file structure-v1.cif (mmCIF, C-alpha atoms; chains and numbers go by the auth columns)
data_query
#
loop_
_atom_site.group_PDB
_atom_site.id
_atom_site.type_symbol
_atom_site.label_atom_id
_atom_site.label_comp_id
_atom_site.label_asym_id
_atom_site.label_seq_id
_atom_site.Cartn_x
_atom_site.Cartn_y
_atom_site.Cartn_z
_atom_site.B_iso_or_equiv
_atom_site.auth_seq_id
_atom_site.auth_asym_id
ATOM 1 C CA MET A 1 215.496 32.921 63.965 0.00 1 A
ATOM 2 C CA THR A 2 215.610 33.599 60.199 0.00 2 A
ATOM 3 C CA ASP A 3 213.267 30.656 59.483 0.00 3 A
ATOM 4 C CA ARG A 4 210.663 32.283 61.682 0.00 4 A
ATOM 5 C CA ALA A 5 210.992 35.660 59.868 0.00 5 A
ATOM 6 C CA VAL A 6 210.594 33.954 56.478 0.00 6 A
ATOM 7 C CA ALA A 7 207.477 32.118 57.673 0.00 7 A
ATOM 8 C CA ARG A 8 205.927 35.372 58.938 0.00 8 A
ATOM 9 C CA TRP A 9 206.711 37.107 55.633 0.00 9 A
ATOM 10 C CA ALA A 10 205.139 34.252 53.642 0.00 10 A
ATOM 11 C CA GLY A 11 202.052 34.363 55.880 0.00 11 A
ATOM 12 C CA MET A 12 201.764 38.130 55.401 0.00 12 A
ATOM 13 C CA ARG A 13 202.030 37.766 51.605 0.00 13 A
ATOM 14 C CA THR A 14 199.230 35.209 51.669 0.00 14 A
ATOM 15 C CA VAL A 15 196.985 37.554 53.672 0.00 15 A
ATOM 16 C CA VAL A 16 197.715 40.454 51.300 0.00 16 A
ATOM 17 C CA ALA A 17 197.015 38.239 48.272 0.00 17 A
ATOM 18 C CA ILE A 18 193.686 37.102 49.742 0.00 18 A
ATOM 19 C CA LEU A 19 192.672 40.701 50.540 0.00 19 A
ATOM 20 C CA ALA A 20 193.616 41.810 47.015 0.00 20 A
ATOM 21 C CA GLY A 21 191.532 38.984 45.530 0.00 21 A
ATOM 22 C CA VAL A 22 188.515 39.911 47.649 0.00 22 A
ATOM 23 C CA ALA A 23 188.897 43.591 46.653 0.00 23 A
ATOM 24 C CA VAL A 24 188.965 42.653 42.951 0.00 24 A
ATOM 25 C CA LEU A 25 185.825 40.541 43.351 0.00 25 A
ATOM 26 C CA VAL A 26 183.984 43.308 45.223 0.00 26 A
ATOM 27 C CA LEU A 27 184.964 45.989 42.692 0.00 27 A
ATOM 28 C CA GLY A 28 183.968 43.694 39.826 0.00 28 A
ATOM 29 C CA GLY A 29 180.566 43.168 41.440 0.00 29 A
ATOM 30 C CA VAL A 30 180.072 46.912 41.844 0.00 30 A
ATOM 31 C CA TRP A 31 181.066 47.472 38.219 0.00 31 A
ATOM 32 C CA LEU A 32 178.615 44.815 36.997 0.00 32 A
ATOM 33 C CA ALA A 33 175.822 46.237 39.171 0.00 33 A
ATOM 34 C CA ASN A 34 176.433 49.696 37.700 0.00 34 A
ATOM 35 C CA ALA A 35 176.443 48.235 34.190 0.00 35 A
ATOM 36 C CA THR A 36 172.927 46.857 34.664 0.00 36 A
ATOM 37 C CA ASP A 37 171.784 50.217 36.069 0.00 37 A
ATOM 38 C CA ARG A 38 173.225 51.991 33.003 0.00 38 A
ATOM 39 C CA ALA A 39 171.517 49.522 30.674 0.00 39 A
ATOM 40 C CA ARG A 40 168.212 49.988 32.505 0.00 40 A
ATOM 41 C CA SER A 41 168.422 53.777 32.239 0.00 41 A
ATOM 42 C CA VAL A 42 169.100 53.522 28.509 0.00 42 A
ATOM 43 C CA ASP A 43 166.055 51.253 28.102 0.00 43 A
ATOM 44 C CA GLU A 44 163.876 53.672 30.088 0.00 44 A
ATOM 45 C CA ALA A 45 165.015 56.730 28.130 0.00 45 A
ATOM 46 C CA PRO A 46 162.419 58.483 25.992 0.00 46 A
ATOM 47 C CA ARG A 47 162.522 57.371 22.371 0.00 47 A
ATOM 48 C CA THR A 48 161.597 60.586 20.565 0.00 48 A
ATOM 49 C CA THR A 49 162.695 64.198 20.585 0.00 49 A
ATOM 50 C CA ALA A 50 159.245 65.375 21.605 0.00 50 A
ATOM 51 C CA ALA A 51 159.123 62.954 24.530 0.00 51 A
ATOM 52 C CA GLN A 52 162.541 64.063 25.809 0.00 52 A
ATOM 53 C CA LYS A 53 161.617 67.740 25.512 0.00 53 A
ATOM 54 C CA SER A 54 158.287 67.204 27.303 0.00 54 A
ATOM 55 C CA ARG A 55 160.018 65.327 30.129 0.00 55 A
ATOM 56 C CA ALA A 56 162.655 68.055 30.429 0.00 56 A
ATOM 57 C CA ALA A 57 159.893 70.657 30.688 0.00 57 A
ATOM 58 C CA GLY A 58 158.169 68.582 33.387 0.00 58 A
ATOM 59 C CA GLN A 59 155.158 67.744 31.237 0.00 59 A
ATOM 60 C CA GLU A 60 153.645 64.350 31.791 0.00 60 A
ATOM 61 C CA SER A 61 151.106 64.575 28.967 0.00 61 A
ATOM 62 C CA GLN A 62 151.254 62.329 25.944 0.00 62 A
ATOM 63 C CA VAL A 63 152.763 63.983 22.892 0.00 63 A
ATOM 64 C CA GLU A 64 151.792 62.569 19.531 0.00 64 A
ATOM 65 C CA VAL A 65 154.671 62.410 17.089 0.00 65 A
ATOM 66 C CA ASP A 66 154.502 61.195 13.528 0.00 66 A
ATOM 67 C CA ASP A 67 156.894 58.232 13.172 0.00 67 A
ATOM 68 C CA ALA A 68 158.044 59.497 9.762 0.00 68 A
ATOM 69 C CA ASP A 69 159.188 62.805 11.308 0.00 69 A
ATOM 70 C CA SER A 70 161.153 61.137 14.104 0.00 70 A
ATOM 71 C CA ARG A 71 163.041 58.881 11.677 0.00 71 A
ATOM 72 C CA GLU A 72 164.158 61.714 9.380 0.00 72 A
ATOM 73 C CA VAL A 73 166.556 63.103 11.980 0.00 73 A
ATOM 74 C CA PRO A 74 169.294 60.673 13.098 0.00 74 A
ATOM 75 C CA GLY A 75 169.477 59.744 16.737 0.00 75 A
ATOM 76 C CA VAL A 76 172.131 58.380 19.060 0.00 76 A
ATOM 77 C CA ARG A 77 172.380 54.740 20.121 0.00 77 A
ATOM 78 C CA ASP A 78 174.022 54.757 23.545 0.00 78 A
ATOM 79 C CA CYS A 79 176.957 52.335 23.266 0.00 79 A
ATOM 80 C CA GLY A 80 175.425 51.022 20.024 0.00 80 A
ATOM 81 C CA VAL A 81 172.401 49.570 21.832 0.00 81 A
ATOM 82 C CA GLY A 82 168.708 50.212 21.359 0.00 82 A
ATOM 83 C CA GLU A 83 166.836 52.568 19.097 0.00 83 A
ATOM 84 C CA PRO A 84 168.482 55.874 18.168 0.00 84 A
ATOM 85 C CA VAL A 85 167.313 58.701 20.448 0.00 85 A
ATOM 86 C CA PRO A 86 167.229 62.167 18.850 0.00 86 A
ATOM 87 C CA GLU A 87 168.669 65.026 20.920 0.00 87 A
ATOM 88 C CA PRO A 88 169.865 62.894 23.852 0.00 88 A
ATOM 89 C CA THR A 89 170.817 64.662 27.075 0.00 89 A
ATOM 90 C CA ILE A 90 173.272 61.912 28.128 0.00 90 A
ATOM 91 C CA ILE A 91 175.770 59.975 25.971 0.00 91 A
ATOM 92 C CA THR A 92 178.192 57.336 27.280 0.00 92 A
ATOM 93 C CA LEU A 93 181.638 58.034 25.822 0.00 93 A
ATOM 94 C CA ASP A 94 183.604 55.075 27.173 0.00 94 A
ATOM 95 C CA CYS A 95 181.354 52.038 26.804 0.00 95 A
ATOM 96 C CA SER A 96 183.858 49.484 28.094 0.00 96 A
ATOM 97 C CA THR A 97 183.970 51.008 31.598 0.00 97 A
ATOM 98 C CA ALA A 98 181.325 53.761 31.442 0.00 98 A
ATOM 99 C CA GLY A 99 184.065 55.861 33.021 0.00 99 A
ATOM 100 C CA ARG A 100 183.272 58.927 30.900 0.00 100 A
ATOM 101 C CA VAL A 101 179.799 60.260 30.201 0.00 101 A
ATOM 102 C CA ALA A 102 178.654 63.460 28.475 0.00 102 A
ATOM 103 C CA SER A 103 175.660 64.799 30.389 0.00 103 A
ATOM 104 C CA GLY A 104 173.523 67.896 30.693 0.00 104 A
ATOM 105 C CA ILE A 105 173.667 68.233 26.914 0.00 105 A
ATOM 106 C CA GLN A 106 171.903 71.241 25.407 0.00 106 A
ATOM 107 C CA TRP A 107 171.701 71.110 21.611 0.00 107 A
ATOM 108 C CA ASP A 108 172.076 74.425 19.731 0.00 108 A
ATOM 109 C CA ARG A 109 171.554 72.794 16.325 0.00 109 A
ATOM 110 C CA TYR A 110 170.241 69.312 15.585 0.00 110 A
ATOM 111 C CA THR A 111 169.747 68.405 11.913 0.00 111 A
ATOM 112 C CA ALA A 112 169.976 65.361 9.674 0.00 112 A
ATOM 113 C CA ALA A 113 173.546 66.349 8.710 0.00 113 A
ATOM 114 C CA GLY A 114 174.896 66.858 12.238 0.00 114 A
ATOM 115 C CA ALA A 115 174.371 68.410 15.635 0.00 115 A
ATOM 116 C CA ASP A 116 176.198 70.924 17.831 0.00 116 A
ATOM 117 C CA GLY A 117 175.730 71.521 21.516 0.00 117 A
ATOM 118 C CA SER A 118 177.369 71.818 24.893 0.00 118 A
ATOM 119 C CA GLY A 119 177.511 69.744 28.031 0.00 119 A
ATOM 120 C CA VAL A 120 179.749 68.371 30.728 0.00 120 A
ATOM 121 C CA VAL A 121 181.999 65.312 30.471 0.00 121 A
ATOM 122 C CA GLN A 122 181.941 63.498 33.797 0.00 122 A
ATOM 123 C CA VAL A 123 184.843 61.181 34.585 0.00 123 A
ATOM 124 C CA SER A 124 184.307 58.450 37.175 0.00 124 A
ATOM 125 C CA SER A 125 186.886 56.447 39.058 0.00 125 A
ATOM 126 C CA GLY A 126 186.518 53.640 36.475 0.00 126 A
ATOM 127 C CA ALA A 127 188.193 55.705 33.734 0.00 127 A
ATOM 128 C CA ALA A 128 191.820 54.609 33.442 0.00 128 A
ATOM 129 C CA GLY A 129 194.363 57.345 32.818 0.00 129 A
ATOM 130 C CA ALA A 130 191.944 60.213 33.358 0.00 130 A
ATOM 131 C CA ALA A 131 191.335 62.644 36.188 0.00 131 A
ATOM 132 C CA ALA A 132 188.749 60.584 38.076 0.00 132 A
ATOM 133 C CA GLY A 133 185.771 62.106 39.848 0.00 133 A
ATOM 134 C CA LYS A 134 185.794 65.382 37.934 0.00 134 A
ATOM 135 C CA SER A 135 183.651 67.223 35.403 0.00 135 A
ATOM 136 C CA PHE A 136 184.882 69.030 32.296 0.00 136 A
ATOM 137 C CA PRO A 137 182.768 71.504 30.285 0.00 137 A
ATOM 138 C CA ALA A 138 182.835 70.769 26.560 0.00 138 A
ATOM 139 C CA ARG A 139 181.379 71.515 23.139 0.00 139 A
ATOM 140 C CA LEU A 140 179.886 68.449 21.450 0.00 140 A
ATOM 141 C CA ARG A 141 179.430 67.687 17.752 0.00 141 A
ATOM 142 C CA LEU A 142 177.561 64.677 16.363 0.00 142 A
ATOM 143 C CA PHE A 143 178.397 63.617 12.811 0.00 143 A
ATOM 144 C CA GLY A 144 178.498 60.679 10.401 0.00 144 A
ATOM 145 C CA PRO A 145 174.801 59.787 10.102 0.00 145 A
ATOM 146 C CA LYS A 146 174.412 56.249 8.806 0.00 146 A
ATOM 147 C CA GLU A 147 171.773 53.550 8.669 0.00 147 A
ATOM 148 C CA VAL A 148 172.343 51.130 11.544 0.00 148 A
ATOM 149 C CA ASP A 149 170.005 48.162 11.996 0.00 149 A
ATOM 150 C CA GLY A 150 167.449 49.787 9.694 0.00 150 A
ATOM 151 C CA LEU A 151 167.408 53.140 11.549 0.00 151 A
ATOM 152 C CA VAL A 152 169.478 56.265 10.951 0.00 152 A
ATOM 153 C CA ALA A 153 171.935 57.104 13.733 0.00 153 A
ATOM 154 C CA PHE A 154 174.960 59.325 14.203 0.00 154 A
ATOM 155 C CA THR A 155 178.153 57.259 14.304 0.00 155 A
ATOM 156 C CA ALA A 156 180.651 59.648 15.935 0.00 156 A
ATOM 157 C CA LEU A 157 180.856 62.339 18.607 0.00 157 A
ATOM 158 C CA GLU A 158 183.569 64.977 18.736 0.00 158 A
ATOM 159 C CA VAL A 159 184.231 66.456 22.174 0.00 159 A
ATOM 160 C CA THR A 160 186.143 69.748 22.381 0.00 160 A
ATOM 161 C CA TYR A 161 186.951 70.704 25.974 0.00 161 A
ATOM 162 C CA THR A 162 186.445 74.382 26.777 0.00 162 A
ATOM 163 C CA GLY A 163 188.728 74.389 29.805 0.00 163 A
ATOM 164 C CA ALA A 164 190.720 71.722 31.589 0.00 164 A
ATOM 165 C CA THR A 165 190.789 68.284 29.975 0.00 165 A
ATOM 166 C CA PRO A 166 190.669 64.788 31.526 0.00 166 A
ATOM 167 C CA LYS A 167 193.599 63.358 29.552 0.00 167 A
ATOM 168 C CA GLY A 168 195.397 66.412 28.198 0.00 168 A
ATOM 169 C CA GLU A 169 193.725 66.138 24.770 0.00 169 A
ATOM 170 C CA HIS A 170 191.860 69.299 23.728 0.00 170 A
ATOM 171 C CA THR A 171 189.643 67.410 21.245 0.00 171 A
ATOM 172 C CA GLU A 172 188.611 63.744 21.247 0.00 172 A
ATOM 173 C CA VAL A 173 186.443 61.756 18.824 0.00 173 A
ATOM 174 C CA PHE A 174 184.371 58.832 20.089 0.00 174 A
ATOM 175 C CA PRO A 175 182.651 56.146 17.967 0.00 175 A
ATOM 176 C CA ILE A 176 179.072 55.918 19.213 0.00 176 A
ATOM 177 C CA ALA A 177 177.272 53.617 16.782 0.00 177 A
#
call {"tool": "encode", "arguments": {"input": "structure-v1.cif", "output": "structure tokens"}}
result
Amino acid sequence: MTDRAVARWAGMRTVVAILAGVAVLVLGGVWLANATDRARSVDEAPRTTAAQKSRAAGQESQVEVDDADSREVPGVRDCGVGEPVPEPTIITLDCSTAGRVASGIQWDRYTAAGADGSGVVQVSSGAAGAAAGKSFPARLRLFGPKEVDGLVAFTALEVTYTGATPKGEHTEVFPIA
């Protein structure tokens, strides 16, 4: 009788192991699919401040911007990829999992020395150790402008939560170059 119980237990462990393996493969596929969507949205993002502002205002007209003016003010390279975008409205904070993203960013001040604004940090289920599926209002500060790949970009983002926090930290600094 005990041999039969051991055989059932071993069979059940095999089934659980197979199901766990399938779940890991499915979740990995979803993560990779989302990664390509994130990369595509970064590629499709407007490249200049004027273009972002005209899109936000719902204008579809072409705005002429002098290239020299757009390069004077540093931009943000999302996860260190692409051309720096001045005054971005979305910045990925956790590039390894894309589990945390600052979005809905409104800039109060945006200069060559730094930028200050506010937005919401959204935490997805992919963010380990954080309160998944929630949003946290925050103040944002860009700093550390530096030349990266021939273009000037901010290299760090300080996030100061104005209420509840995802990990218990009131202020976090993220490398963004």
call {"tool": "resolve_selection", "arguments": {"input": "structure-v1.cif", "expression": "the PyMOL selection byres ((chain A and resi 91-104) around 7)", "output": "list of chain:residue names"}}
result
A:Asp78, A:Cys79, A:Pro88, A:Thr89, A:Ile90, A:Ile105, A:Gln106, A:Gly119, A:Val120, A:Val121, A:Gln122, A:Val123, A:Ser124, A:Ser125, A:Gly126, A:Ala127, A:Phe174
call {"tool": "resolve_selection", "arguments": {"input": "structure-v1.cif", "expression": "the PyMOL selection byres ((chain A and resi 143-154) around 9)", "output": "PDB file with C-alpha atoms, in the coordinates of the input"}}
result
ATOM      1  CA  ARG A  71     163.041  58.881  11.677  1.00  0.00           C
ATOM      2  CA  GLU A  72     164.158  61.714   9.380  1.00  0.00           C
ATOM      3  CA  VAL A  73     166.556  63.103  11.980  1.00  0.00           C
ATOM      4  CA  PRO A  74     169.294  60.673  13.098  1.00  0.00           C
ATOM      5  CA  GLY A  75     169.477  59.744  16.737  1.00  0.00           C
ATOM      6  CA  VAL A  76     172.131  58.380  19.060  1.00  0.00           C
ATOM      7  CA  ARG A  77     172.380  54.740  20.121  1.00  0.00           C
ATOM      8  CA  GLU A  83     166.836  52.568  19.097  1.00  0.00           C
ATOM      9  CA  PRO A  84     168.482  55.874  18.168  1.00  0.00           C
ATOM     10  CA  VAL A  85     167.313  58.701  20.448  1.00  0.00           C
ATOM     11  CA  PRO A  86     167.229  62.167  18.850  1.00  0.00           C
ATOM     12  CA  ALA A 112     169.976  65.361   9.674  1.00  0.00           C
ATOM     13  CA  ALA A 113     173.546  66.349   8.710  1.00  0.00           C
ATOM     14  CA  GLY A 114     174.896  66.858  12.238  1.00  0.00           C
ATOM     15  CA  ALA A 115     174.371  68.410  15.635  1.00  0.00           C
ATOM     16  CA  ARG A 141     179.430  67.687  17.752  1.00  0.00           C
ATOM     17  CA  LEU A 142     177.561  64.677  16.363  1.00  0.00           C
ATOM     18  CA  THR A 155     178.153  57.259  14.304  1.00  0.00           C
ATOM     19  CA  ALA A 156     180.651  59.648  15.935  1.00  0.00           C
ATOM     20  CA  LEU A 157     180.856  62.339  18.607  1.00  0.00           C
ATOM     21  CA  GLU A 158     183.569  64.977  18.736  1.00  0.00           C
ATOM     22  CA  ILE A 176     179.072  55.918  19.213  1.00  0.00           C
ATOM     23  CA  ALA A 177     177.272  53.617  16.782  1.00  0.00           C
TER      24      ALA A 177
END
call {"tool": "resolve_selection", "arguments": {"input": "structure-v1.cif", "expression": "the PyMOL selection byres ((chain A and resi 160) around 9)", "output": "number ranges by chain"}}
result
A: 137-141, 158-159, 161-162, 169-173
call {"tool": "atom_distance", "arguments": {"input": "structure-v1.cif", "atom1": "CA of Gly80 (chain A)", "atom2": "CA of Pro175 (chain A)"}}
result
9.1 Å
call {"tool": "atom_distance", "arguments": {"input": "structure-v1.cif", "atom1": "CA of Phe136 (chain A)", "atom2": "CA of Arg109 (chain A)"}}
result
21.1 Å
call {"tool": "atom_distance", "arguments": {"input": "structure-v1.cif", "atom1": "CA of Asp116 (chain A)", "atom2": "CA of Gly133 (chain A)"}}
result
25.6 Å
call {"tool": "closest_residue", "arguments": {"input": "structure-v1.cif", "among": "A:Glu87, A:Arg13, A:Lys134, A:Ile18", "to": "Thr111 (chain A)", "atoms": "only C-alpha atoms"}}
result
A:Glu87
